[in-house]
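Have a look at the structure below, then the notes.
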Amino acid sequence: MTVLARLLAVALCLAMLLAGHADVAIAELDRPDGGFEVAVVEHLRLKVPAEARQAWIDAEKGSWEPWLAQQDGFLDRQLLWDPATEEGTLLIRWASRDQWKAIPEQDLEAVQERFEQLARQATGAQQGNPFPLVFEGELLPP
């Protein structure tokens with residue numbers, strides 16, 4: 001299994017290198033157990049009613065998307081929506097957990113406030129967050 005993990009890590013790094021990604025040097029880190037740390041995924045779920053789905057996407061694009069693109073260690077993110085639960089899922093991939101967790105809390109709060117402001121404008125809400133957080137966690141490679 002270790003050989004397979006190493007091959008997958010090398011393949012991922014090669015793909016990133018060919019794509020010209022800036023974080024290729026930190027995307028593959030040796031771990032003490034002999035494996036590789038390829039990335040960590042921040043996993044969030046928000047309540048997103050069907051009628052407000054586009055407002056959520058627009059608020060994300062106007063706040064978190066440009067801010068994340070400027071952060072050290074940010075690799076990519078996916079926005080997904082589940083019509084059965086009316087929840088949005090965000091999978092945000094970071095080159096390392098240390099880079100993700102090094103972001104100052106006040107920076108996160110400022111971007112979240114911008115997101116909520118855009119979301120309120122788009123939904124007509126007068127206060128609060130129209131898309132409350134349902135779940136927050138992280139996913140690690142095996």
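The way I read the labels, and the way they are meant: chains A, B, ... in the order of the structure tokens, residue 1 as the first residue of every chain, and ligand 1 as the first ligand shown, with later ones counted on from there.
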(message) Which residues are near region 93-97 of chain A? Cut-off 6 Å, only C-alpha atoms, ignore same chain within fewer than 5 positions. Put them as a PyMOL selection string.
(response) chain A and resi 27+39-41+73-77
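Nearest residue to Thr89 (chain A) among A:Leu139, A:Gly124, A:Arg114, A:Leu44 is A:Leu44, counting only C-alpha atoms.
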When DSSP is applied to the backbone of this structure, which of region 95-127 of chain A are assigned alpha helix (DSSP H)? Write them out as a PDB file with C-alpha atoms, in the first residue's frame.
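And here's part-v2.pdb as it stands now:
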ATOM      1  CA  ARG A  97      -2.909  21.733   7.167  1.00  0.00           C
ATOM      2  CA  ASP A  98      -0.345  24.134   8.625  1.00  0.00           C
ATOM      3  CA  GLN A  99      -0.910  26.650   5.823  1.00  0.00           C
ATOM      4  CA  TRP A 100      -4.680  26.406   6.175  1.00  0.00           C
ATOM      5  CA  LYS A 101      -4.621  26.806   9.974  1.00  0.00           C
ATOM      6  CA  GLU A 105      -9.121  34.331  12.535  1.00  0.00           C
ATOM      7  CA  GLN A 106      -9.778  38.036  11.921  1.00  0.00           C
ATOM      8  CA  ASP A 107      -9.074  37.531   8.193  1.00  0.00           C
ATOM      9  CA  LEU A 108     -11.618  34.710   8.057  1.00  0.00           C
ATOM     10  CA  GLU A 109     -14.179  36.804   9.929  1.00  0.00           C
ATOM     11  CA  ALA A 110     -13.767  39.716   7.499  1.00  0.00           C
ATOM     12  CA  VAL A 111     -14.341  37.497   4.448  1.00  0.00           C
ATOM     13  CA  GLN A 112     -17.288  35.790   6.146  1.00  0.00           C
ATOM     14  CA  GLU A 113     -18.850  39.192   6.828  1.00  0.00           C
ATOM     15  CA  ARG A 114     -18.453  40.109   3.149  1.00  0.00           C
ATOM     16  CA  PHE A 115     -20.038  36.777   2.152  1.00  0.00           C
ATOM     17  CA  GLU A 116     -23.005  37.337   4.482  1.00  0.00           C
ATOM     18  CA  GLN A 117     -23.437  40.909   3.243  1.00  0.00           C
ATOM     19  CA  LEU A 118     -23.587  39.741  -0.383  1.00  0.00           C
ATOM     20  CA  ALA A 119     -25.899  36.865   0.571  1.00  0.00           C
ATOM     21  CA  ARG A 120     -28.309  39.207   2.393  1.00  0.00           C
ATOM     22  CA  GLN A 121     -28.397  41.564  -0.581  1.00  0.00           C
ATOM     23  CA  ALA A 122     -29.125  38.709  -2.987  1.00  0.00           C
ATOM     24  CA  THR A 123     -31.784  37.038  -0.824  1.00  0.00           C
TER      25      THR A 123
END
(message) For His43 (chain A), find every residue with an atom within 7 Å (counting only C-alpha atoms), except residues of its own chain fewer than 3 positions away, and show them as a list in words.
(response) Leu90, Leu91, Ile92, Glu136, Gly137, Glu138 and Leu139 of chain A
(request) Select, from A:Trp56, A:Gly128, A:Val48, A:Asp72, the residue with the minimum atom-to-atom distance to Ala84 (chain A), counting only C-alpha atoms. (result) A:Val48
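Close contacts of Pro132 (chain A), defined as residues with an atom at most 9 Å away when counting only C-alpha atoms, with chain neighbours fewer than 2 positions off set aside, comprise Arg45, Leu46, Lys47, Val48, Gly128, Asn129, Pro130 and Val134 of chain A.
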Preceding selection exported with all heavy atoms as a PDB file, in the first residue's frame:
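Now in result_0.pdb:
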ATOM      1  N   ARG A  45     -20.506  22.269   5.162  1.00  0.00           N
ATOM      2  CA  ARG A  45     -21.863  22.137   4.624  1.00  0.00           C
ATOM      3  C   ARG A  45     -22.692  23.297   5.148  1.00  0.00           C
ATOM      4  O   ARG A  45     -22.622  23.637   6.325  1.00  0.00           O
ATOM      5  CB  ARG A  45     -22.496  20.805   5.020  1.00  0.00           C
ATOM      6  CG  ARG A  45     -21.903  19.633   4.285  1.00  0.00           C
ATOM      7  CD  ARG A  45     -22.705  18.332   4.395  1.00  0.00           C
ATOM      8  NE  ARG A  45     -23.661  18.241   5.453  1.00  0.00           N
ATOM      9  CZ  ARG A  45     -23.498  17.542   6.582  1.00  0.00           C
ATOM     10  NH1 ARG A  45     -22.383  16.887   6.805  1.00  0.00           N
ATOM     11  NH2 ARG A  45     -24.444  17.498   7.484  1.00  0.00           N
ATOM     12  N   LEU A  46     -23.466  23.898   4.243  1.00  0.00           N
ATOM     13  CA  LEU A  46     -24.319  25.041   4.565  1.00  0.00           C
ATOM     14  C   LEU A  46     -25.753  24.731   4.181  1.00  0.00           C
ATOM     15  O   LEU A  46     -26.009  24.004   3.215  1.00  0.00           O
ATOM     16  CB  LEU A  46     -23.885  26.282   3.770  1.00  0.00           C
ATOM     17  CG  LEU A  46     -22.408  26.649   3.729  1.00  0.00           C
ATOM     18  CD1 LEU A  46     -22.189  27.802   2.760  1.00  0.00           C
ATOM     19  CD2 LEU A  46     -21.922  27.015   5.110  1.00  0.00           C
ATOM     20  N   LYS A  47     -26.696  25.321   4.884  1.00  0.00           N
ATOM     21  CA  LYS A  47     -28.100  25.211   4.503  1.00  0.00           C
ATOM     22  C   LYS A  47     -28.336  26.180   3.350  1.00  0.00           C
ATOM     23  O   LYS A  47     -28.139  27.388   3.487  1.00  0.00           O
ATOM     24  CB  LYS A  47     -29.012  25.548   5.699  1.00  0.00           C
ATOM     25  CG  LYS A  47     -30.455  25.266   5.435  1.00  0.00           C
ATOM     26  CD  LYS A  47     -30.666  23.776   5.248  1.00  0.00           C
ATOM     27  CE  LYS A  47     -32.104  23.472   4.915  1.00  0.00           C
ATOM     28  NZ  LYS A  47     -32.278  22.102   4.433  1.00  0.00           N
ATOM     29  N   VAL A  48     -28.714  25.642   2.183  1.00  0.00           N
ATOM     30  CA  VAL A  48     -28.924  26.454   0.985  1.00  0.00           C
ATOM     31  C   VAL A  48     -30.265  26.055   0.355  1.00  0.00           C
ATOM     32  O   VAL A  48     -30.339  25.059  -0.376  1.00  0.00           O
ATOM     33  CB  VAL A  48     -27.782  26.280  -0.042  1.00  0.00           C
ATOM     34  CG1 VAL A  48     -28.049  27.124  -1.285  1.00  0.00           C
ATOM     35  CG2 VAL A  48     -26.426  26.634   0.567  1.00  0.00           C
ATOM     36  N   GLY A 128     -28.243  38.629   9.744  1.00  0.00           N
ATOM     37  CA  GLY A 128     -27.732  37.274   9.897  1.00  0.00           C
ATOM     38  C   GLY A 128     -27.152  36.685   8.628  1.00  0.00           C
ATOM     39  O   GLY A 128     -26.931  37.374   7.640  1.00  0.00           O
ATOM     40  N   ASN A 129     -26.938  35.389   8.691  1.00  0.00           N
ATOM     41  CA  ASN A 129     -26.362  34.643   7.576  1.00  0.00           C
ATOM     42  C   ASN A 129     -27.464  33.822   6.911  1.00  0.00           C
ATOM     43  O   ASN A 129     -27.980  32.891   7.525  1.00  0.00           O
ATOM     44  CB  ASN A 129     -25.243  33.726   8.081  1.00  0.00           C
ATOM     45  CG  ASN A 129     -24.575  32.945   6.970  1.00  0.00           C
ATOM     46  OD1 ASN A 129     -24.933  33.042   5.808  1.00  0.00           O
ATOM     47  ND2 ASN A 129     -23.582  32.159   7.340  1.00  0.00           N
ATOM     48  N   PRO A 130     -27.836  34.139   5.676  1.00  0.00           N
ATOM     49  CA  PRO A 130     -28.876  33.373   4.991  1.00  0.00           C
ATOM     50  C   PRO A 130     -28.498  31.909   4.730  1.00  0.00           C
ATOM     51  O   PRO A 130     -29.362  31.087   4.441  1.00  0.00           O
ATOM     52  CB  PRO A 130     -29.057  34.106   3.659  1.00  0.00           C
ATOM     53  CG  PRO A 130     -28.484  35.459   3.876  1.00  0.00           C
ATOM     54  CD  PRO A 130     -27.394  35.286   4.894  1.00  0.00           C
ATOM     55  N   VAL A 134     -23.819  24.107   8.694  1.00  0.00           N
ATOM     56  CA  VAL A 134     -24.424  22.890   9.225  1.00  0.00           C
ATOM     57  C   VAL A 134     -23.343  21.944   9.739  1.00  0.00           C
ATOM     58  O   VAL A 134     -23.540  21.233  10.717  1.00  0.00           O
ATOM     59  CB  VAL A 134     -25.266  22.185   8.126  1.00  0.00           C
ATOM     60  CG1 VAL A 134     -25.796  20.845   8.592  1.00  0.00           C
ATOM     61  CG2 VAL A 134     -26.383  23.075   7.648  1.00  0.00           C
TER      62      VAL A 134
END
(request) Would you work out the distance separating CA of Glu87 (chain A) from CA of Ala50 (chain A), expressed in Å to one decimal? (result) 8.8 Å
(request) Enter the distance from CA of Pro49 (chain A) to CA of Leu79 (chain A), in Å, rounded to one decimal. (result)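 CA of Leu79 (chain A) lies at a distance of 14.6 Å from CA of Pro49 (chain A).
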(message) Please determine, counting only C-alpha atoms, which residue among A:Ala102, A:Leu133, A:Leu80, A:Leu140 has the shortest atom-to-atom distance to Gln54 (chain A).
(response) A:Leu80
